[in-house]
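Listing of query17.cif; format and content: mmCIF, C-alpha atoms and all ligand atoms.
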data_structure
#
loop_
_atom_site.label_atom_id
_atom_site.label_comp_id
_atom_site.auth_asym_id
_atom_site.auth_seq_id
_atom_site.Cartn_x
_atom_site.Cartn_y
_atom_site.Cartn_z
CA MET A 31 140.87 56.74 89.97
CA THR A 32 138.14 54.25 89.03
CA MET A 33 136.78 54.55 92.57
CA ARG A 34 136.64 58.36 92.27
CA ILE A 35 134.71 58.13 88.99
CA LEU A 36 132.34 55.64 90.59
CA LEU A 37 131.78 57.92 93.58
CA PHE A 38 131.14 60.87 91.24
CA ALA A 39 128.59 58.85 89.25
CA VAL A 40 126.81 57.75 92.45
CA THR A 41 126.69 61.36 93.71
CA ILE A 42 125.18 62.58 90.43
CA ALA A 43 122.64 59.74 90.40
CA LEU A 44 121.55 60.54 93.99
CA ALA A 45 121.34 64.28 93.33
CA ALA A 46 119.32 63.96 90.11
CA PRO A 47 115.88 63.27 91.64
CA VAL A 48 116.38 66.14 94.12
CA CYS A 49 117.20 68.55 91.27
CA ALA A 50 114.23 67.29 89.24
CA ALA A 51 111.90 67.82 92.23
CA ALA A 52 113.16 71.38 92.62
CA GLN A 53 112.08 72.47 89.13
CA SER A 54 109.62 75.39 89.19
CA VAL A 55 106.35 74.48 87.49
CA ARG A 56 105.80 78.12 86.50
CA PRO A 57 108.98 80.22 86.54
CA GLY A 58 108.34 83.94 86.97
CA ILE A 59 104.72 83.63 88.20
CA ASN A 60 105.64 85.51 91.42
CA ASP A 61 107.97 88.13 89.94
CA THR A 62 105.59 90.98 90.78
CA TYR A 63 105.18 89.83 94.38
CA LEU A 64 108.87 89.22 94.93
CA SER A 65 109.85 92.65 93.63
CA PRO A 66 110.98 95.03 96.40
CA ASP A 67 109.28 97.77 94.33
CA ILE A 68 105.81 96.30 94.71
CA ASN A 69 103.21 98.95 95.56
CA PRO A 70 100.95 97.50 98.30
CA GLU A 71 98.33 100.25 97.91
CA ALA A 72 98.01 99.55 94.17
CA GLN A 73 97.86 95.79 94.83
CA ASN A 74 95.20 96.36 97.46
CA LYS A 75 93.11 98.34 94.98
CA GLY A 76 93.18 95.37 92.61
CA PHE A 77 92.54 92.78 95.32
CA THR A 78 89.53 94.69 96.66
CA SER A 79 87.78 95.06 93.31
CA GLU A 80 84.13 93.96 93.50
CA ASN A 81 84.76 92.22 90.15
CA ARG A 82 87.01 89.74 91.94
CA GLU A 83 84.90 86.75 92.88
CA THR A 84 86.88 85.95 96.02
CA PHE A 85 86.61 89.53 97.32
CA ALA A 86 82.94 90.02 96.44
CA ASN A 87 82.06 86.71 98.16
CA ARG A 88 84.52 86.79 101.05
CA MET A 89 81.89 86.73 103.81
CA GLU A 90 80.22 83.61 102.36
CA VAL A 91 83.63 82.00 101.74
CA ALA A 92 84.78 82.68 105.29
CA ALA A 93 81.50 81.37 106.72
CA ALA A 94 81.87 78.13 104.71
CA ILE A 95 85.16 77.32 106.45
CA GLY A 96 83.36 76.85 109.76
CA LEU A 97 85.82 78.69 111.99
CA LYS A 98 85.21 78.57 115.74
CA PRO A 99 86.57 80.66 118.62
CA GLY A 100 90.03 79.47 119.64
CA MET A 101 90.98 78.01 116.26
CA ALA A 102 94.25 78.74 114.46
CA ILE A 103 94.10 79.52 110.74
CA ALA A 104 96.91 80.26 108.30
CA ASP A 105 95.96 82.45 105.35
CA VAL A 106 98.74 81.43 102.97
CA GLY A 107 99.36 84.05 100.29
CA ALA A 108 97.44 86.60 102.34
CA GLY A 109 98.26 89.46 99.93
CA THR A 110 96.95 92.68 101.47
CA GLY A 111 94.82 90.81 103.98
CA ILE A 112 91.30 90.96 102.56
CA TYR A 113 90.29 87.98 104.73
CA GLU A 114 92.09 88.91 107.95
CA PRO A 115 89.37 91.04 109.61
CA VAL A 116 86.71 88.37 109.10
CA PHE A 117 89.02 85.50 110.18
CA SER A 118 90.12 87.53 113.21
CA LYS A 119 86.51 87.99 114.30
CA ALA A 120 85.61 84.33 113.71
CA VAL A 121 88.44 82.84 115.82
CA GLY A 122 88.19 85.54 118.51
CA VAL A 123 90.76 86.64 121.03
CA SER A 124 91.56 83.07 122.03
CA GLY A 125 92.27 82.16 118.39
CA LYS A 126 95.10 82.94 116.04
CA VAL A 127 95.35 84.10 112.43
CA TYR A 128 98.68 83.71 110.61
CA ALA A 129 98.93 85.85 107.49
CA VAL A 130 101.67 84.19 105.45
CA ASP A 131 103.15 85.67 102.30
CA ILE A 132 106.38 85.77 100.29
CA SER A 133 106.15 89.57 99.93
CA LYS A 134 107.50 91.54 102.88
CA PRO A 135 105.95 94.86 101.71
CA LEU A 136 102.51 93.21 101.53
CA LEU A 137 102.98 91.78 105.03
CA ALA A 138 103.98 95.25 106.29
CA PHE A 139 100.75 96.58 104.73
CA ILE A 140 98.78 93.95 106.69
CA ASP A 141 100.61 94.78 109.94
CA LYS A 142 99.76 98.46 109.48
CA SER A 143 96.10 97.91 108.63
CA MET A 144 95.61 95.46 111.52
CA LYS A 145 97.13 98.00 113.90
CA GLU A 146 94.88 100.75 112.55
CA ALA A 147 91.84 98.48 112.98
CA GLY A 148 92.87 97.50 116.53
CA ILE A 149 93.09 93.80 115.56
CA THR A 150 95.53 91.93 117.79
CA ASN A 151 95.18 88.24 116.89
CA VAL A 152 96.72 88.43 113.41
CA THR A 153 100.44 87.62 113.09
CA THR A 154 102.29 88.07 109.81
CA VAL A 155 104.74 85.35 108.73
CA VAL A 156 107.30 85.49 105.93
CA GLY A 157 106.98 82.32 103.88
CA SER A 158 108.87 81.11 100.84
CA ASP A 159 108.04 79.30 97.64
CA LYS A 160 108.55 75.95 99.42
CA THR A 161 107.53 76.57 103.04
CA ILE A 162 104.85 78.39 105.01
CA ASN A 163 107.18 78.64 108.00
CA LEU A 164 104.79 77.37 110.64
CA PRO A 165 105.54 74.56 113.12
CA PRO A 166 104.24 71.03 112.51
CA ASN A 167 100.70 70.29 113.79
CA SER A 168 100.10 73.95 114.65
CA VAL A 169 97.00 75.04 112.71
CA ASP A 170 93.41 73.85 112.27
CA VAL A 171 92.99 75.42 108.83
CA VAL A 172 95.25 76.43 105.97
CA PHE A 173 93.36 78.75 103.63
CA THR A 174 94.40 79.97 100.19
CA SER A 175 92.53 82.44 97.99
CA ASP A 176 93.76 82.85 94.40
CA VAL A 177 97.14 81.54 95.54
CA TYR A 178 97.28 77.90 94.47
CA HIS A 179 98.07 78.86 90.86
CA HIS A 180 101.04 80.84 92.24
CA PHE A 181 102.65 77.80 93.86
CA GLU A 182 105.88 77.23 91.95
CA TYR A 183 106.85 74.08 93.84
CA PRO A 184 103.54 72.35 94.59
CA ASP A 185 105.09 69.13 95.91
CA ALA A 186 107.27 70.95 98.42
CA ILE A 187 104.70 73.46 99.64
CA LEU A 188 101.86 70.92 99.85
CA GLY A 189 104.04 68.65 102.00
CA ASN A 190 104.84 71.60 104.22
CA ILE A 191 101.18 72.69 104.46
CA ARG A 192 100.15 69.14 105.35
CA ALA A 193 102.81 69.01 108.08
CA ALA A 194 101.65 72.35 109.58
CA LEU A 195 98.05 71.12 109.85
CA LYS A 196 96.78 69.28 112.90
CA ASP A 197 95.30 65.83 112.25
CA GLY A 198 91.86 66.28 110.70
CA GLY A 199 92.74 69.87 109.78
CA GLN A 200 91.39 71.48 106.63
CA PHE A 201 93.22 72.78 103.60
CA ILE A 202 90.91 75.14 101.73
CA VAL A 203 91.66 76.05 98.13
CA VAL A 204 89.73 78.93 96.61
CA ASP A 205 90.93 79.58 93.10
CA TYR A 206 89.53 79.89 89.63
CA ASP A 207 88.71 77.06 87.28
CA HIS A 208 89.23 77.20 83.54
CA VAL A 209 85.66 77.54 82.30
CA PRO A 210 85.34 78.11 78.55
CA GLY A 211 83.41 81.29 77.79
CA VAL A 212 83.38 82.34 81.48
CA THR A 213 86.99 82.58 82.66
CA ALA A 214 88.73 85.60 81.12
CA PRO A 215 91.31 84.61 78.47
CA SER A 216 94.02 86.57 80.34
CA MET A 217 93.31 84.48 83.45
CA LEU A 218 93.47 81.26 81.45
CA GLN A 219 96.93 82.22 80.27
CA HIS A 220 98.05 83.38 83.72
CA GLY A 221 96.99 80.38 85.81
CA ARG A 222 98.49 76.93 85.35
CA THR A 223 95.88 75.03 87.35
CA ASP A 224 92.25 74.27 86.69
CA LYS A 225 90.11 72.58 89.36
CA LYS A 226 90.94 69.08 88.11
CA THR A 227 94.68 69.73 88.35
CA VAL A 228 94.36 71.09 91.88
CA ILE A 229 92.44 68.00 93.01
CA ALA A 230 94.97 65.67 91.40
CA GLU A 231 97.97 67.42 92.95
CA VAL A 232 96.54 67.87 96.44
CA THR A 233 95.31 64.29 96.75
CA LYS A 234 98.67 63.05 95.45
CA ALA A 235 100.21 65.00 98.34
CA GLY A 236 98.30 62.79 100.80
CA PHE A 237 95.08 64.73 101.41
CA GLN A 238 91.68 63.03 101.24
CA PRO A 239 89.46 63.65 98.17
CA PRO A 240 87.85 67.07 98.64
CA GLU A 241 84.39 68.30 99.42
CA GLU A 242 83.37 71.10 97.05
CA VAL A 243 81.34 73.89 98.62
CA LYS A 244 79.12 75.92 96.30
CA ILE A 245 79.54 79.66 96.83
CA SER A 246 76.48 81.41 95.42
CA GLY A 247 78.34 84.23 93.62
CA PHE A 248 81.09 82.07 92.10
CA LYS A 249 81.01 81.75 88.33
CA SER A 250 84.51 80.66 87.51
CA SER A 251 85.95 80.20 91.03
CA PHE A 252 85.72 77.10 93.21
CA PHE A 253 85.97 76.29 96.92
CA LEU A 254 87.54 72.93 97.78
CA ARG A 255 87.92 71.55 101.31
CA PHE A 256 90.65 68.92 101.68
CA LYS A 257 91.22 67.15 104.99
CA LYS A 258 94.46 65.84 106.45
C1 LIG A 301 96.65 86.82 93.65
S1 LIG A 301 97.38 87.18 95.20
C2 LIG A 301 96.04 86.74 96.31
C3 LIG A 301 96.07 87.51 97.61
C4 LIG A 301 94.95 87.19 98.60
N1 LIG A 301 94.93 85.82 98.96
C5 LIG A 301 93.62 87.61 98.03
O1 LIG A 301 92.82 86.74 97.66
O2 LIG A 301 93.39 88.83 97.94
C6 LIG A 301 98.55 85.87 95.43
C7 LIG A 301 99.39 86.02 96.68
O3 LIG A 301 100.09 84.80 96.93
C8 LIG A 301 101.38 85.11 97.39
N2 LIG A 301 102.22 83.90 97.20
C9 LIG A 301 102.64 83.33 96.06
N3 LIG A 301 103.32 82.19 96.31
C10 LIG A 301 103.32 82.04 97.65
C11 LIG A 301 103.86 81.05 98.54
N4 LIG A 301 104.54 79.99 98.09
N5 LIG A 301 103.67 81.21 99.86
C12 LIG A 301 102.99 82.29 100.34
N6 LIG A 301 102.47 83.25 99.55
C13 LIG A 301 102.62 83.12 98.23
C14 LIG A 301 101.78 86.33 96.59
O4 LIG A 301 102.83 87.05 97.16
C15 LIG A 301 100.46 87.11 96.60
O5 LIG A 301 100.35 87.95 97.72
#

As structure tokens - that is how I would like this structure written.
Ligand SMILES: C[S@@+](CC[C@H](N)C(=O)[O-])C[C@H]1O[C@@H](n2cnc3c(N)ncnc32)[C@H](O)[C@@H]1O
Amino acid sequence: MTMRILLFAVTIALAAPVCAAAQSVRPGINDTYLSPDINPEAQNKGFTSENRETFANRMEVAAAIGLKPGMAIADVGAGTGIYEPVFSKAVGVSGKVYAVDISKPLLAFIDKSMKEAGITNVTTVVGSDKTINLPPNSVDVVFTSDVYHHFEYPDAILGNIRAALKDGGQFIVVDYDHVPGVTAPSMLQHGRTDKKTVIAEVTKAGFQPPEEVKISGFKSSFFLRFKK
């Protein structure tokens, strides 16, 4: 009996850190995207608003990555694919673009629009809140635009992103900082992470301290390049 109690106590003690690590840092942040009733057209309208810094500046953002023909890039949290045409062109027919998202309807929207545009080097991938579902050492770049603040399990997904990158590969985070008087109050409430928090979490995950690239039209957003 004593032995059984001891075994039970040991099991609980071993399981505790795992349970603690699996706590969501922002429960519910992805409810809209995980809903089967999501309307991709309506989402696309919002994502392609010229008032969105990442959309309005997407050509400059994409150019700052430094993509070359033949490279493989994963656009994690691709949404409706605002970056896919420009990434597709930059890596060329010998390259690969993986559009990863947790929303199947949004991925179906990307598949349809790529087909309509005759783009053949973009592959959609269903990810999850803890994995981007790509093989280890498979991509040169992991790119995220307005996605980092949606990561519910940063430790898990950052470890997975790092594993998917080739040595020396880049992890690009484009997101918005919390700038008093500039960042909209609704955005401040919505997003958990300011720039400082992103840097602290990503470096803790094993990436090198980032280079920040200035994007001329960014007022509240930032572009950080972390290397594996
Ligand atoms: C604000 S949208 C940004 C979409 C797109 N990157 C853009 O800039 O237009 C956030 C996207 O991240 C996706 N997302 C959230 N958590 C994710 C995760 N762990 N892995 C992949 N995608 C995720 C959501 O489904 C949603 O499409």

12 Å contact set for Gly58 (chain A), only C-alpha atoms, chain neighbours under 2 positions out, as JSON, numbers by chain: {"A": [54, 55, 56, 60, 61, 62, 63, 64, 65, 159, 180, 181, 182, 220, 221]}

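Shortest atom-to-atom contact with ligand LIG 301 (chain A) among A:Ala102, A:Ala108, A:Ile202, A:Val171: A:Ala108, counting all atoms listed in the file.
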
Closest contacts (chain A/ligand LIG 301 (chain A), max 9 Å, all atoms listed in the file) as a Markdown table:
| residue | atom | partner | partner_atom | distance |
| --- | --- | --- | --- | --- |
| A:Ile59 | CA | A:LIG301 | C9 | 8.1 |
| A:Asn60 | CA | A:LIG301 | C9 | 5.9 |
| A:Asp61 | CA | A:LIG301 | O4 | 8.9 |
| A:Thr62 | CA | A:LIG301 | O4 | 8.0 |
| A:Tyr63 | CA | A:LIG301 | O4 | 4.6 |
| A:Leu64 | CA | A:LIG301 | O4 | 6.8 |
| A:Gln73 | CA | A:LIG301 | S1 | 8.6 |
| A:Asn74 | CA | A:LIG301 | O2 | 7.8 |
| A:Gly76 | CA | A:LIG301 | O2 | 8.4 |
| A:Phe77 | CA | A:LIG301 | O2 | 4.8 |
| A:Thr78 | CA | A:LIG301 | O2 | 7.1 |
| A:Arg82 | CA | A:LIG301 | O1 | 8.7 |
| A:Thr84 | CA | A:LIG301 | O1 | 6.2 |
| A:Phe85 | CA | A:LIG301 | O1 | 6.8 |
| A:Arg88 | CA | A:LIG301 | O1 | 9.0 |
| A:Asp105 | CA | A:LIG301 | N1 | 7.3 |
| A:Val106 | CA | A:LIG301 | C12 | 5.1 |
| A:Gly107 | CA | A:LIG301 | N6 | 3.3 |
| A:Ala108 | CA | A:LIG301 | N1 | 4.3 |
| A:Gly109 | CA | A:LIG301 | O5 | 3.4 |
| A:Thr110 | CA | A:LIG301 | O2 | 6.3 |
| A:Gly111 | CA | A:LIG301 | C4 | 6.5 |
| A:Ile112 | CA | A:LIG301 | O2 | 5.5 |
| A:Tyr113 | CA | A:LIG301 | C5 | 7.5 |
| A:Ala129 | CA | A:LIG301 | C12 | 9.0 |
| A:Val130 | CA | A:LIG301 | C12 | 5.6 |
| A:Asp131 | CA | A:LIG301 | N6 | 3.7 |
| A:Ile132 | CA | A:LIG301 | N6 | 4.7 |
| A:Ser133 | CA | A:LIG301 | O4 | 5.0 |
| A:Lys134 | CA | A:LIG301 | O4 | 8.6 |
| A:Leu136 | CA | A:LIG301 | O5 | 6.8 |
| A:Leu137 | CA | A:LIG301 | O5 | 8.7 |
| A:Val156 | CA | A:LIG301 | C12 | 7.8 |
| A:Gly157 | CA | A:LIG301 | N5 | 5.3 |
| A:Ser158 | CA | A:LIG301 | N4 | 5.3 |
| A:Asp159 | CA | A:LIG301 | N4 | 3.6 |
| A:Lys160 | CA | A:LIG301 | N4 | 5.8 |
| A:Thr161 | CA | A:LIG301 | N4 | 6.7 |
| A:Ile162 | CA | A:LIG301 | N5 | 6.0 |
| A:Phe173 | CA | A:LIG301 | N1 | 8.6 |
| A:Thr174 | CA | A:LIG301 | N1 | 6.0 |
| A:Ser175 | CA | A:LIG301 | N1 | 4.3 |
| A:Asp176 | CA | A:LIG301 | C2 | 4.9 |
| A:Val177 | CA | A:LIG301 | C6 | 4.6 |
| A:Tyr178 | CA | A:LIG301 | N3 | 7.6 |
| A:His179 | CA | A:LIG301 | C9 | 8.2 |
| A:His180 | CA | A:LIG301 | C9 | 4.8 |
| A:Phe181 | CA | A:LIG301 | N3 | 5.1 |
| A:Glu182 | CA | A:LIG301 | N4 | 6.9 |
| A:Tyr183 | CA | A:LIG301 | N4 | 7.6 |
| A:Pro184 | CA | A:LIG301 | N4 | 8.5 |
| A:Ile187 | CA | A:LIG301 | N4 | 6.7 |
| A:Val204 | CA | A:LIG301 | O1 | 8.5 |
| A:Asp205 | CA | A:LIG301 | O1 | 8.7 |

What lies within 12 Å of Asp224 (chain A) using all atoms listed in the file, ignoring chain neighbours under 6 positions off, as number ranges by chain? A: 176, 178-179, 203-210, 213, 217-218, 230-231, 250-252

Distance of CA of Ala72 (chain A) from CA of Ala86 (chain A), expressed in Å to one decimal place: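 These atoms are spaced 18.0 Å apart.
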
Which one is closest to Gly211 (chain A): A:Lys249, A:Ile103, A:Leu97, A:Phe256? Count only C-alpha atoms.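 Checking each candidate against Gly211 (chain A), we get A:Lys249 as the closest.
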
Which residue is closest to Met101 (chain A)? Choose from A:Arg222, A:Lys119, A:Arg255, A:Lys142 and count all atoms listed in the file.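 Result for the nearest residue to Met101 (chain A): A:Lys119.
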
Would you pick out the contacts of region 148-154 of chain A at 6 Å or less, using only C-alpha atoms, so that residues sharing its chain but fewer than 3 positions from it are not included, and give the list as a ChimeraX atom specification? /A:126-130,144-145

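From CA of Ser143 (chain A) back to CA of Pro115 (chain A), the distance works out to 9.7 Å.
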
Separation of CA of Asn69 (chain A) and CA of Asn81 (chain A), in Å? 20.4 Å

With all atoms listed in the file as the counted atoms, please give the residues lying no more than 12 Å from Arg192 (chain A), apart from itself and same-chain residues fewer than 6 positions off, as a PDB file with C-alpha atoms, in the coordinates of the input.
ATOM      1  CA  ALA A 104      96.910  80.260 108.300  1.00  0.00           C
ATOM      2  CA  THR A 161     107.530  76.570 103.040  1.00  0.00           C
ATOM      3  CA  ILE A 162     104.850  78.390 105.010  1.00  0.00           C
ATOM      4  CA  LEU A 164     104.790  77.370 110.640  1.00  0.00           C
ATOM      5  CA  PRO A 165     105.540  74.560 113.120  1.00  0.00           C
ATOM      6  CA  PRO A 166     104.240  71.030 112.510  1.00  0.00           C
ATOM      7  CA  ASN A 167     100.700  70.290 113.790  1.00  0.00           C
ATOM      8  CA  SER A 168     100.100  73.950 114.650  1.00  0.00           C
ATOM      9  CA  VAL A 169      97.000  75.040 112.710  1.00  0.00           C
ATOM     10  CA  ASP A 170      93.410  73.850 112.270  1.00  0.00           C
ATOM     11  CA  VAL A 171      92.990  75.420 108.830  1.00  0.00           C
ATOM     12  CA  VAL A 172      95.250  76.430 105.970  1.00  0.00           C
ATOM     13  CA  PHE A 173      93.360  78.750 103.630  1.00  0.00           C
ATOM     14  CA  PRO A 184     103.540  72.350  94.590  1.00  0.00           C
ATOM     15  CA  ASP A 185     105.090  69.130  95.910  1.00  0.00           C
ATOM     16  CA  ALA A 186     107.270  70.950  98.420  1.00  0.00           C
ATOM     17  CA  GLY A 198      91.860  66.280 110.700  1.00  0.00           C
ATOM     18  CA  GLY A 199      92.740  69.870 109.780  1.00  0.00           C
ATOM     19  CA  GLN A 200      91.390  71.480 106.630  1.00  0.00           C
ATOM     20  CA  PHE A 201      93.220  72.780 103.600  1.00  0.00           C
ATOM     21  CA  ILE A 202      90.910  75.140 101.730  1.00  0.00           C
ATOM     22  CA  VAL A 232      96.540  67.870  96.440  1.00  0.00           C
ATOM     23  CA  THR A 233      95.310  64.290  96.750  1.00  0.00           C
ATOM     24  CA  LYS A 234      98.670  63.050  95.450  1.00  0.00           C
ATOM     25  CA  ALA A 235     100.210  65.000  98.340  1.00  0.00           C
ATOM     26  CA  GLY A 236      98.300  62.790 100.800  1.00  0.00           C
ATOM     27  CA  PHE A 237      95.080  64.730 101.410  1.00  0.00           C
ATOM     28  CA  GLN A 238      91.680  63.030 101.240  1.00  0.00           C
ATOM     29  CA  PHE A 256      90.650  68.920 101.680  1.00  0.00           C
ATOM     30  CA  LYS A 257      91.220  67.150 104.990  1.00  0.00           C
ATOM     31  CA  LYS A 258      94.460  65.840 106.450  1.00  0.00           C
TER      32      LYS A 258
END

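Restricting the calculation to only C-alpha atoms, the smallest distance between Val243 (chain A) and any of A:Gln219, A:Gln53, A:Ala94, A:Lys75 is found for A:Ala94.
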
Identify which of the residues A:Ser118, A:Ser124, A:Asn87, A:Asn190 lies closest to Phe253 (chain A), counting only C-alpha atoms when measuring atom-to-atom distances. A:Asn87

Shell of 7 Å around Gly100 (chain A), all atoms listed in the file, local chain residues under 6 positions omitted, as JSON, numbers by chain: {"A": [121, 122, 124, 125]}
